[in-house]
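Text of the file structure13.pdb, holding PDB, C-alpha atoms:
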```
ATOM      1  CA  MET A   1       0.000   0.000   0.000  1.00  0.00           C
ATOM      2  CA  ALA A   2       1.501   3.299  -1.072  1.00  0.00           C
ATOM      3  CA  ILE A   3       1.182   6.297   1.212  1.00  0.00           C
ATOM      4  CA  ALA A   4       1.095   9.936   0.131  1.00  0.00           C
ATOM      5  CA  TRP A   5       3.473  11.293   2.768  1.00  0.00           C
ATOM      6  CA  SER A   6       2.632  14.853   1.795  1.00  0.00           C
ATOM      7  CA  LYS A   7      -0.926  14.242   2.979  1.00  0.00           C
ATOM      8  CA  ILE A   8      -0.027  12.712   6.324  1.00  0.00           C
ATOM      9  CA  ALA A   9      -0.355  15.889   8.358  1.00  0.00           C
ATOM     10  CA  ALA A  10      -3.924  16.352   7.194  1.00  0.00           C
ATOM     11  CA  SER A  11      -4.910  12.820   8.199  1.00  0.00           C
ATOM     12  CA  MET A  12      -3.123  12.502  11.535  1.00  0.00           C
ATOM     13  CA  GLU A  13      -5.003  11.177  14.530  1.00  0.00           C
ATOM     14  CA  ALA A  14      -4.994  13.280  17.692  1.00  0.00           C
ATOM     15  CA  ILE A  15      -2.444  12.227  20.301  1.00  0.00           C
ATOM     16  CA  SER A  16      -4.059  10.929  23.460  1.00  0.00           C
ATOM     17  CA  LEU A  17      -2.362  12.958  26.191  1.00  0.00           C
ATOM     18  CA  SER A  18      -3.540  14.301  29.512  1.00  0.00           C
ATOM     19  CA  PRO A  19      -3.803  17.214  29.708  1.00  0.00           C
ATOM     20  CA  PRO A  20      -4.422  17.852  25.952  1.00  0.00           C
ATOM     21  CA  MET A  21      -1.400  19.098  24.097  1.00  0.00           C
ATOM     22  CA  SER A  22      -1.390  22.849  23.587  1.00  0.00           C
ATOM     23  CA  PRO A  23      -0.683  24.184  20.087  1.00  0.00           C
ATOM     24  CA  ALA A  24       2.085  26.242  21.690  1.00  0.00           C
ATOM     25  CA  VAL A  25       3.963  23.133  22.857  1.00  0.00           C
ATOM     26  CA  ILE A  26       7.139  22.547  20.850  1.00  0.00           C
ATOM     27  CA  LEU A  27       8.021  18.865  20.632  1.00  0.00           C
ATOM     28  CA  THR A  28      11.597  17.746  20.177  1.00  0.00           C
ATOM     29  CA  GLN A  29      12.508  14.862  17.908  1.00  0.00           C
ATOM     30  CA  ASP A  30      13.005  12.694  20.990  1.00  0.00           C
ATOM     31  CA  ASP A  31       9.516  13.660  22.230  1.00  0.00           C
ATOM     32  CA  LEU A  32       8.070  12.445  18.935  1.00  0.00           C
ATOM     33  CA  LYS A  33      10.018   9.191  19.168  1.00  0.00           C
ATOM     34  CA  LYS A  34       8.675   8.607  22.676  1.00  0.00           C
ATOM     35  CA  ILE A  35       5.084   9.274  21.579  1.00  0.00           C
ATOM     36  CA  ALA A  36       5.403   6.754  18.733  1.00  0.00           C
ATOM     37  CA  ALA A  37       7.057   4.202  21.007  1.00  0.00           C
ATOM     38  CA  TYR A  38       4.374   4.425  23.683  1.00  0.00           C
ATOM     39  CA  LYS A  39       1.672   4.030  21.035  1.00  0.00           C
ATOM     40  CA  ALA A  40       3.391   0.903  19.739  1.00  0.00           C
ATOM     41  CA  VAL A  41       3.485  -0.644  23.201  1.00  0.00           C
ATOM     42  CA  GLU A  42      -0.329  -0.516  23.200  1.00  0.00           C
ATOM     43  CA  PHE A  43      -0.114  -3.491  20.799  1.00  0.00           C
ATOM     44  CA  VAL A  44       1.657  -5.557  23.479  1.00  0.00           C
ATOM     45  CA  GLU A  45      -0.372  -8.114  25.445  1.00  0.00           C
ATOM     46  CA  SER A  46       0.530 -10.305  28.408  1.00  0.00           C
ATOM     47  CA  GLY A  47       1.977 -13.668  27.442  1.00  0.00           C
ATOM     48  CA  MET A  48       3.613 -12.407  24.236  1.00  0.00           C
ATOM     49  CA  VAL A  49       7.066 -13.174  22.906  1.00  0.00           C
ATOM     50  CA  LEU A  50       8.446  -9.808  21.827  1.00  0.00           C
ATOM     51  CA  GLY A  51      11.220  -8.737  19.489  1.00  0.00           C
ATOM     52  CA  LEU A  52      12.984  -5.823  21.154  1.00  0.00           C
ATOM     53  CA  GLY A  53      14.513  -3.328  18.744  1.00  0.00           C
ATOM     54  CA  THR A  54      17.771  -1.414  19.036  1.00  0.00           C
ATOM     55  CA  SER A  55      16.999   2.051  17.653  1.00  0.00           C
ATOM     56  CA  SER A  56      16.817   5.242  19.707  1.00  0.00           C
ATOM     57  CA  THR A  57      13.046   5.108  19.233  1.00  0.00           C
ATOM     58  CA  ALA A  58      12.795   1.459  20.244  1.00  0.00           C
ATOM     59  CA  LYS A  59      14.682   2.278  23.442  1.00  0.00           C
ATOM     60  CA  HIS A  60      11.616   4.191  24.621  1.00  0.00           C
ATOM     61  CA  ALA A  61       9.409   1.183  23.845  1.00  0.00           C
ATOM     62  CA  VAL A  62      11.648  -1.160  25.837  1.00  0.00           C
ATOM     63  CA  ASP A  63      11.618   1.292  28.753  1.00  0.00           C
ATOM     64  CA  ARG A  64       7.816   1.395  28.624  1.00  0.00           C
ATOM     65  CA  ILE A  65       7.513  -2.403  28.533  1.00  0.00           C
ATOM     66  CA  GLY A  66       9.757  -2.627  31.580  1.00  0.00           C
ATOM     67  CA  GLU A  67       7.626  -0.027  33.354  1.00  0.00           C
ATOM     68  CA  LEU A  68       4.383  -1.906  32.628  1.00  0.00           C
ATOM     69  CA  LEU A  69       5.939  -5.146  33.860  1.00  0.00           C
ATOM     70  CA  ARG A  70       6.922  -3.488  37.149  1.00  0.00           C
ATOM     71  CA  GLN A  71       3.391  -2.132  37.508  1.00  0.00           C
ATOM     72  CA  GLY A  72       1.902  -5.572  36.882  1.00  0.00           C
ATOM     73  CA  LYS A  73      -0.006  -4.324  33.840  1.00  0.00           C
ATOM     74  CA  LEU A  74       1.919  -6.787  31.674  1.00  0.00           C
ATOM     75  CA  THR A  75       2.860 -10.321  32.720  1.00  0.00           C
ATOM     76  CA  ASN A  76       4.601 -13.357  31.246  1.00  0.00           C
ATOM     77  CA  ILE A  77       6.487 -11.345  28.642  1.00  0.00           C
ATOM     78  CA  VAL A  78       9.526 -12.878  26.953  1.00  0.00           C
ATOM     79  CA  GLY A  79      11.864 -10.614  25.019  1.00  0.00           C
ATOM     80  CA  ILE A  80      14.200 -11.435  22.120  1.00  0.00           C
ATOM     81  CA  SER A  81      16.838  -8.712  21.849  1.00  0.00           C
ATOM     82  CA  THR A  82      18.276  -7.511  18.558  1.00  0.00           C
ATOM     83  CA  SER A  83      21.625  -6.365  19.968  1.00  0.00           C
ATOM     84  CA  LYS A  84      23.895  -6.576  22.990  1.00  0.00           C
ATOM     85  CA  LYS A  85      22.883  -3.006  23.816  1.00  0.00           C
ATOM     86  CA  THR A  86      19.191  -3.886  23.932  1.00  0.00           C
ATOM     87  CA  GLN A  87      19.964  -7.052  25.876  1.00  0.00           C
ATOM     88  CA  GLU A  88      21.681  -4.980  28.571  1.00  0.00           C
ATOM     89  CA  GLN A  89      18.797  -2.492  28.651  1.00  0.00           C
ATOM     90  CA  ALA A  90      16.144  -5.223  28.936  1.00  0.00           C
ATOM     91  CA  LEU A  91      18.002  -7.058  31.708  1.00  0.00           C
ATOM     92  CA  SER A  92      18.380  -3.808  33.659  1.00  0.00           C
ATOM     93  CA  LEU A  93      14.592  -3.363  33.454  1.00  0.00           C
ATOM     94  CA  GLY A  94      13.814  -6.911  34.548  1.00  0.00           C
ATOM     95  CA  ILE A  95      12.473  -8.060  31.170  1.00  0.00           C
ATOM     96  CA  PRO A  96      12.943 -11.845  30.819  1.00  0.00           C
ATOM     97  CA  LEU A  97      14.970 -12.701  27.722  1.00  0.00           C
ATOM     98  CA  SER A  98      15.332 -15.714  25.457  1.00  0.00           C
ATOM     99  CA  ASP A  99      16.409 -16.296  21.847  1.00  0.00           C
ATOM    100  CA  LEU A 100      15.222 -17.516  18.458  1.00  0.00           C
ATOM    101  CA  ASP A 101      16.402 -21.040  19.157  1.00  0.00           C
ATOM    102  CA  ALA A 102      13.888 -21.317  21.997  1.00  0.00           C
ATOM    103  CA  HIS A 103      11.212 -19.128  20.353  1.00  0.00           C
ATOM    104  CA  PRO A 104      11.417 -19.377  16.549  1.00  0.00           C
ATOM    105  CA  ALA A 105       8.009 -17.665  16.200  1.00  0.00           C
ATOM    106  CA  ILE A 106       7.667 -14.190  17.700  1.00  0.00           C
ATOM    107  CA  ASP A 107       4.290 -12.581  18.363  1.00  0.00           C
ATOM    108  CA  LEU A 108       5.306  -8.941  17.897  1.00  0.00           C
ATOM    109  CA  ALA A 109       8.438  -6.907  17.237  1.00  0.00           C
ATOM    110  CA  ILE A 110       8.807  -3.178  17.870  1.00  0.00           C
ATOM    111  CA  ASP A 111      11.668  -1.240  16.326  1.00  0.00           C
ATOM    112  CA  GLY A 112      12.509   2.041  14.657  1.00  0.00           C
ATOM    113  CA  ALA A 113      13.792   2.763  11.163  1.00  0.00           C
ATOM    114  CA  ASP A 114      16.135   5.185   9.468  1.00  0.00           C
ATOM    115  CA  GLU A 115      13.877   5.605   6.433  1.00  0.00           C
ATOM    116  CA  VAL A 116      10.321   4.622   5.523  1.00  0.00           C
ATOM    117  CA  ASP A 117       9.084   4.801   1.942  1.00  0.00           C
ATOM    118  CA  PRO A 118       5.424   5.081   0.818  1.00  0.00           C
ATOM    119  CA  HIS A 119       5.177   1.280   0.512  1.00  0.00           C
ATOM    120  CA  LEU A 120       6.352   0.771   4.131  1.00  0.00           C
ATOM    121  CA  ASN A 121       9.741  -0.504   3.023  1.00  0.00           C
ATOM    122  CA  LEU A 122      12.469   0.452   5.462  1.00  0.00           C
ATOM    123  CA  VAL A 123      16.138   1.274   5.736  1.00  0.00           C
ATOM    124  CA  LYS A 124      17.601   0.128   9.041  1.00  0.00           C
ATOM    125  CA  GLY A 125      21.053  -0.474  10.411  1.00  0.00           C
ATOM    126  CA  ARG A 126      22.567   2.954  10.915  1.00  0.00           C
ATOM    127  CA  GLY A 127      22.903   1.865  14.539  1.00  0.00           C
ATOM    128  CA  GLY A 128      24.847  -1.195  13.395  1.00  0.00           C
ATOM    129  CA  SER A 129      22.419  -3.993  14.354  1.00  0.00           C
ATOM    130  CA  LEU A 130      20.793  -4.750  11.024  1.00  0.00           C
ATOM    131  CA  LEU A 131      21.586  -8.490  10.849  1.00  0.00           C
ATOM    132  CA  ARG A 132      20.089  -9.408  14.218  1.00  0.00           C
ATOM    133  CA  GLU A 133      17.210  -7.005  13.639  1.00  0.00           C
ATOM    134  CA  LYS A 134      16.367  -8.682  10.351  1.00  0.00           C
ATOM    135  CA  MET A 135      16.622 -12.157  11.866  1.00  0.00           C
ATOM    136  CA  VAL A 136      14.284 -11.286  14.743  1.00  0.00           C
ATOM    137  CA  GLU A 137      11.844  -9.107  12.801  1.00  0.00           C
ATOM    138  CA  GLY A 138      11.703 -11.638   9.990  1.00  0.00           C
ATOM    139  CA  ALA A 139      10.486 -14.234  12.484  1.00  0.00           C
ATOM    140  CA  CYS A 140       7.634 -12.178  13.936  1.00  0.00           C
ATOM    141  CA  LYS A 141       3.937 -12.376  13.178  1.00  0.00           C
ATOM    142  CA  LYS A 142       3.600  -8.585  13.431  1.00  0.00           C
ATOM    143  CA  PHE A 143       6.306  -5.948  13.070  1.00  0.00           C
ATOM    144  CA  VAL A 144       5.402  -2.480  14.332  1.00  0.00           C
ATOM    145  CA  CYS A 145       7.837   0.164  13.102  1.00  0.00           C
ATOM    146  CA  ILE A 146       7.971   3.442  15.031  1.00  0.00           C
ATOM    147  CA  VAL A 147       9.411   6.662  13.610  1.00  0.00           C
ATOM    148  CA  ASP A 148       9.130  10.405  13.726  1.00  0.00           C
ATOM    149  CA  GLU A 149       8.091  12.209  10.562  1.00  0.00           C
ATOM    150  CA  SER A 150      11.676  13.126   9.630  1.00  0.00           C
ATOM    151  CA  LYS A 151      12.227   9.494   8.583  1.00  0.00           C
ATOM    152  CA  LEU A 152       9.674   9.569   5.763  1.00  0.00           C
ATOM    153  CA  VAL A 153      11.199   9.478   2.263  1.00  0.00           C
ATOM    154  CA  LYS A 154       9.886   9.196  -1.288  1.00  0.00           C
ATOM    155  CA  HIS A 155      12.247   6.293  -1.992  1.00  0.00           C
ATOM    156  CA  LEU A 156      14.814   4.315  -0.038  1.00  0.00           C
ATOM    157  CA  GLY A 157      18.107   6.149   0.030  1.00  0.00           C
ATOM    158  CA  GLY A 158      16.230   9.398  -0.492  1.00  0.00           C
ATOM    159  CA  SER A 159      17.479  10.993   2.725  1.00  0.00           C
ATOM    160  CA  GLY A 160      21.004  11.075   1.336  1.00  0.00           C
ATOM    161  CA  LEU A 161      22.174   9.173   4.414  1.00  0.00           C
ATOM    162  CA  ALA A 162      23.642   5.699   4.589  1.00  0.00           C
ATOM    163  CA  LEU A 163      22.159   2.448   3.321  1.00  0.00           C
ATOM    164  CA  PRO A 164      24.168   0.036   5.513  1.00  0.00           C
ATOM    165  CA  VAL A 165      25.525  -3.293   4.341  1.00  0.00           C
ATOM    166  CA  GLU A 166      27.125  -5.727   6.805  1.00  0.00           C
ATOM    167  CA  VAL A 167      30.202  -7.397   5.320  1.00  0.00           C
ATOM    168  CA  VAL A 168      32.881  -9.801   6.526  1.00  0.00           C
ATOM    169  CA  PRO A 169      36.161  -8.070   7.428  1.00  0.00           C
ATOM    170  CA  PHE A 170      38.167 -10.263   5.035  1.00  0.00           C
ATOM    171  CA  CYS A 171      38.980  -8.174   1.928  1.00  0.00           C
ATOM    172  CA  TRP A 172      36.261  -5.656   2.780  1.00  0.00           C
ATOM    173  CA  LYS A 173      37.596  -3.221   0.160  1.00  0.00           C
ATOM    174  CA  PHE A 174      36.975  -5.821  -2.535  1.00  0.00           C
ATOM    175  CA  THR A 175      33.376  -6.192  -1.304  1.00  0.00           C
ATOM    176  CA  ALA A 176      32.880  -2.424  -1.046  1.00  0.00           C
ATOM    177  CA  ASN A 177      34.069  -1.953  -4.643  1.00  0.00           C
ATOM    178  CA  LYS A 178      31.663  -4.665  -5.801  1.00  0.00           C
ATOM    179  CA  LEU A 179      28.786  -2.870  -4.087  1.00  0.00           C
ATOM    180  CA  GLN A 180      29.764   0.515  -5.490  1.00  0.00           C
ATOM    181  CA  ASN A 181      30.013  -0.860  -9.022  1.00  0.00           C
ATOM    182  CA  LEU A 182      26.706  -2.673  -8.639  1.00  0.00           C
ATOM    183  CA  PHE A 183      24.906   0.627  -8.096  1.00  0.00           C
ATOM    184  CA  ARG A 184      27.080   2.948 -10.169  1.00  0.00           C
ATOM    185  CA  ARG A 185      24.013   4.093 -12.156  1.00  0.00           C
ATOM    186  CA  SER A 186      22.549   5.334  -8.872  1.00  0.00           C
ATOM    187  CA  GLY A 187      25.680   7.382  -8.190  1.00  0.00           C
ATOM    188  CA  CYS A 188      26.679   5.089  -5.350  1.00  0.00           C
ATOM    189  CA  ALA A 189      29.619   5.842  -3.053  1.00  0.00           C
ATOM    190  CA  ALA A 190      30.583   2.977  -0.721  1.00  0.00           C
ATOM    191  CA  LYS A 191      32.393   3.895   2.495  1.00  0.00           C
ATOM    192  CA  LEU A 192      33.603   1.810   5.397  1.00  0.00           C
ATOM    193  CA  ARG A 193      31.993   2.883   8.668  1.00  0.00           C
ATOM    194  CA  ASN A 194      34.438   3.874  11.389  1.00  0.00           C
ATOM    195  CA  ASP A 195      33.961   4.217  15.126  1.00  0.00           C
ATOM    196  CA  ARG A 196      34.729   7.317  17.172  1.00  0.00           C
ATOM    197  CA  GLU A 197      38.399   6.359  17.340  1.00  0.00           C
ATOM    198  CA  GLY A 198      38.666   6.154  13.573  1.00  0.00           C
ATOM    199  CA  LYS A 199      38.864   2.366  13.577  1.00  0.00           C
ATOM    200  CA  PRO A 200      36.473   0.131  11.601  1.00  0.00           C
ATOM    201  CA  PHE A 201      33.114  -0.147  13.335  1.00  0.00           C
ATOM    202  CA  VAL A 202      32.610  -3.768  14.417  1.00  0.00           C
ATOM    203  CA  THR A 203      29.101  -5.204  14.714  1.00  0.00           C
ATOM    204  CA  ASP A 204      27.912  -7.553  17.468  1.00  0.00           C
ATOM    205  CA  ASN A 205      28.657 -10.340  14.994  1.00  0.00           C
ATOM    206  CA  GLY A 206      32.271  -9.313  14.476  1.00  0.00           C
ATOM    207  CA  ASN A 207      31.669  -7.886  10.997  1.00  0.00           C
ATOM    208  CA  TYR A 208      32.200  -4.489   9.345  1.00  0.00           C
ATOM    209  CA  ILE A 209      29.618  -2.161   7.812  1.00  0.00           C
ATOM    210  CA  VAL A 210      29.941  -0.541   4.406  1.00  0.00           C
ATOM    211  CA  ASP A 211      27.612   2.440   4.057  1.00  0.00           C
ATOM    212  CA  LEU A 212      26.190   3.142   0.605  1.00  0.00           C
ATOM    213  CA  TYR A 213      25.358   6.742  -0.308  1.00  0.00           C
ATOM    214  CA  LEU A 214      23.046   7.080  -3.283  1.00  0.00           C
ATOM    215  CA  LYS A 215      22.308  10.026  -5.550  1.00  0.00           C
ATOM    216  CA  LYS A 216      19.487   8.316  -7.479  1.00  0.00           C
ATOM    217  CA  GLU A 217      16.870   5.650  -6.875  1.00  0.00           C
ATOM    218  CA  LEU A 218      17.922   2.000  -6.844  1.00  0.00           C
ATOM    219  CA  GLY A 219      15.105   0.911  -9.125  1.00  0.00           C
ATOM    220  CA  ASP A 220      13.496  -2.437  -8.324  1.00  0.00           C
ATOM    221  CA  LEU A 221      14.314  -2.950  -4.650  1.00  0.00           C
ATOM    222  CA  HIS A 222      13.931  -6.721  -4.718  1.00  0.00           C
ATOM    223  CA  ILE A 223      16.385  -7.003  -7.598  1.00  0.00           C
ATOM    224  CA  ALA A 224      18.765  -4.698  -5.730  1.00  0.00           C
ATOM    225  CA  SER A 225      18.401  -6.840  -2.604  1.00  0.00           C
ATOM    226  CA  ASP A 226      19.087 -10.100  -4.410  1.00  0.00           C
ATOM    227  CA  SER A 227      22.040  -8.598  -6.255  1.00  0.00           C
ATOM    228  CA  MET A 228      23.706  -7.462  -3.015  1.00  0.00           C
ATOM    229  CA  LEU A 229      23.190 -10.813  -1.313  1.00  0.00           C
ATOM    230  CA  ARG A 230      24.803 -12.623  -4.244  1.00  0.00           C
ATOM    231  CA  ILE A 231      28.103 -10.812  -3.640  1.00  0.00           C
ATOM    232  CA  ALA A 232      30.492 -13.047  -1.709  1.00  0.00           C
ATOM    233  CA  GLY A 233      31.462 -11.129   1.411  1.00  0.00           C
ATOM    234  CA  VAL A 234      28.073  -9.497   1.942  1.00  0.00           C
ATOM    235  CA  VAL A 235      26.377 -10.789   5.091  1.00  0.00           C
ATOM    236  CA  GLU A 236      23.160  -8.740   4.988  1.00  0.00           C
ATOM    237  CA  HIS A 237      21.878  -5.326   3.917  1.00  0.00           C
ATOM    238  CA  GLY A 238      19.722  -2.732   5.619  1.00  0.00           C
ATOM    239  CA  MET A 239      16.704  -2.761   3.307  1.00  0.00           C
ATOM    240  CA  PHE A 240      13.736  -4.305   5.119  1.00  0.00           C
ATOM    241  CA  LEU A 241      11.323  -5.013   2.282  1.00  0.00           C
ATOM    242  CA  ASP A 242       7.697  -6.022   2.878  1.00  0.00           C
ATOM    243  CA  MET A 243       8.440  -6.683   6.549  1.00  0.00           C
ATOM    244  CA  ALA A 244       6.679  -3.931   8.500  1.00  0.00           C
ATOM    245  CA  THR A 245       2.999  -4.709   9.085  1.00  0.00           C
ATOM    246  CA  THR A 246       2.336  -1.394  10.856  1.00  0.00           C
ATOM    247  CA  VAL A 247       4.173   1.932  10.815  1.00  0.00           C
ATOM    248  CA  ILE A 248       3.477   4.508  13.520  1.00  0.00           C
ATOM    249  CA  VAL A 249       4.580   8.024  12.588  1.00  0.00           C
ATOM    250  CA  ALA A 250       4.719  10.784  15.185  1.00  0.00           C
ATOM    251  CA  GLY A 251       4.616  14.398  14.067  1.00  0.00           C
ATOM    252  CA  GLU A 252       3.982  17.772  15.640  1.00  0.00           C
ATOM    253  CA  LEU A 253       0.275  17.508  14.833  1.00  0.00           C
ATOM    254  CA  GLY A 254      -0.215  14.001  16.174  1.00  0.00           C
ATOM    255  CA  ILE A 255       0.338  10.425  15.140  1.00  0.00           C
ATOM    256  CA  THR A 256      -0.679   8.403  12.125  1.00  0.00           C
ATOM    257  CA  ILE A 257      -0.848   4.640  11.903  1.00  0.00           C
ATOM    258  CA  GLU A 258      -0.384   2.940   8.534  1.00  0.00           C
ATOM    259  CA  LYS A 259      -0.989  -0.783   8.085  1.00  0.00           C
ATOM    260  CA  LYS A 260      -0.385  -3.235   5.268  1.00  0.00           C
TER     261      LYS A 260
END
```
Could you express the structure from this file as structure tokens?
Amino acid sequence: MAIAWSKIAASMEAISLSPPMSPAVILTQDDLKKIAAYKAVEFVESGMVLGLGTSSTAKHAVDRIGELLRQGKLTNIVGISTSKKTQEQALSLGIPLSDLDAHPAIDLAIDGADEVDPHLNLVKGRGGSLLREKMVEGACKKFVCIVDESKLVKHLGGSGLALPVEVVPFCWKFTANKLQNLFRRSGCAAKLRNDREGKPFVTDNGNYIVDLYLKKELGDLHIASDSMLRIAGVVEHGMFLDMATTVIVAGELGITIEKK
């Protein structure tokens, strides 16, 4: 289902807050993330197995789940974390954790995204956890994606920011060149991601990330996906195609919920 992002503001639902939000209130980007996250947690029911996302928006959702567990409003929740960072957060909040080996079918996953296109396709992985996120969110019955309105794009890569690709460290330059040549018609520049110390960023899986910067659309996203995965050295990419069942978008005027 395609969404006319330009019309979202006109169709937004009112945010349920108490007291009602004043038009004079200025919401920060983090406020919007928190609003979207709390709305997503309304989908959570006691007894569920949950995929716990890693994004800055998903952090608010995990915090809220922990709060509801402490209050006794949720019970018998089992979480499957998508990163070591989320695992540490969940354990600190008292959320019981397991893994895909024990729970190969997940009831619901909640996570953020770096980009959302009008067909609810996503770019994820700018936080570095795309492989585990895709494994967990690919195993869930429902995947609720939570974003603020700045993440809406006309096409994936349209923000001008990175499309991440996880690669093995062995001969990463060779793999990066393959990726850049694959999308040369899209004006692709492939760059190794570095950490704050200027060293290669290492994922939880011990791999590197090559970030792709695109000047033009990729074309058929499924063909692009298959082409990347056929390159020896590529572990996984950050396009999450046809995976989100619900996208919750928070904006200054309220929230909108889009479903497939």
Please produce, as a Markdown table, a per-residue contact table for region 212-252 of chain A versus region 143-162 of chain A (criterion: any atom at most 8 Å away, all atoms listed in the file considered), showing the nearest atom pair and its distance in Å to one decimal, sorted by chain then residue number.
```
| residue | atom | partner | partner_atom | distance |
| --- | --- | --- | --- | --- |
| A:Leu212 | CA | A:Ala162 | CA | 5.4 |
| A:Tyr213 | CA | A:Ala162 | CA | 5.3 |
| A:Leu214 | CA | A:Gly157 | CA | 6.0 |
| A:Lys215 | CA | A:Gly160 | CA | 7.1 |
| A:Lys216 | CA | A:Gly158 | CA | 7.8 |
| A:Glu217 | CA | A:His155 | CA | 6.8 |
| A:Leu218 | CA | A:Leu156 | CA | 7.8 |
| A:Met243 | CA | A:Phe143 | CA | 6.9 |
| A:Ala244 | CA | A:Phe143 | CA | 5.0 |
| A:Thr245 | CA | A:Phe143 | CA | 5.3 |
| A:Thr246 | CA | A:Val144 | CA | 4.8 |
| A:Val247 | CA | A:Cys145 | CA | 4.7 |
| A:Ile248 | CA | A:Ile146 | CA | 4.9 |
| A:Val249 | CA | A:Val147 | CA | 5.1 |
| A:Ala250 | CA | A:Asp148 | CA | 4.7 |
| A:Gly251 | CA | A:Glu149 | CA | 5.4 |
```
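For the file at hand, the PyMOL selection byres ((chain A and resi 92-99) around 8) resolves to Asp63, Ile65, Gly66, Glu67, Leu69, Ile77, Val78, Gly79, Ile80, Ser81, Gln87, Glu88, Gln89, Ala90, Leu91, Leu100, Asp101, Ala102, His103 and Pro104 of chain A.
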List as a Markdown table every residue of region 50-147 of chain A that is in contact with region 183-198 of chain A, defined as an atom at most 12 Å from one of its atoms (using only C-alpha atoms), together with the nearest atom pair and the distance in Å rounded to one decimal, sorted by chain and then rising number.
```
| residue | atom | partner | partner_atom | distance |
| --- | --- | --- | --- | --- |
| A:Gly125 | CA | A:Arg193 | CA | 11.6 |
| A:Arg126 | CA | A:Arg193 | CA | 9.7 |
| A:Gly127 | CA | A:Arg193 | CA | 10.9 |
| A:Gly128 | CA | A:Arg193 | CA | 9.5 |
```
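Among the candidates A:Leu229, A:Leu120, A:Leu163, A:Leu27, the residue lying nearest to Asp242 (chain A) is A:Leu120 (atoms considered: all atoms listed in the file).
Between Ala224 (chain A) and the candidates A:Leu182, A:Glu45, A:Leu122, A:Met135, the tightest atom-to-atom separation, counting only C-alpha atoms, involves A:Leu182.
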Name the residues captured by the PyMOL selection byres ((chain A and resi 231) around 12) when it is applied to the shown file; answer as number ranges by chain.
-> A: 165-168, 172, 174-182, 224-230, 232-237
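Atom to atom, CA of Ala58 (chain A) and CA of Asp111 (chain A) stand 4.9 Å apart.
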Care to translate the PyMOL selection byres ((chain A and resi 110) around 10) into actual residues of this file, as a PyMOL selection string?
-> chain A and resi 37+40-41+43-44+50-55+57-59+61-62+108-109+111-112+137+140+142-146+244+246-247
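Counting only C-alpha atoms, Asn76 (chain A) has the following residues at most 8 Å away, ignoring those fewer than 3 positions along the same chain: Ser46, Gly47 and Met48 of chain A.
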CA of Glu252 (chain A) and CA of Leu68 (chain A) are how many Å apart?
-> 26.0 Å
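With CA of Thr82 (chain A) on one side and CA of His119 (chain A) on the other, the separation reads 24.0 Å.
The nearest approach to Lys39 (chain A) among the residues A:Gly72, A:Gly254, A:Gly138, A:Gly238, with all atoms listed in the file taken into account, belongs to A:Gly254.
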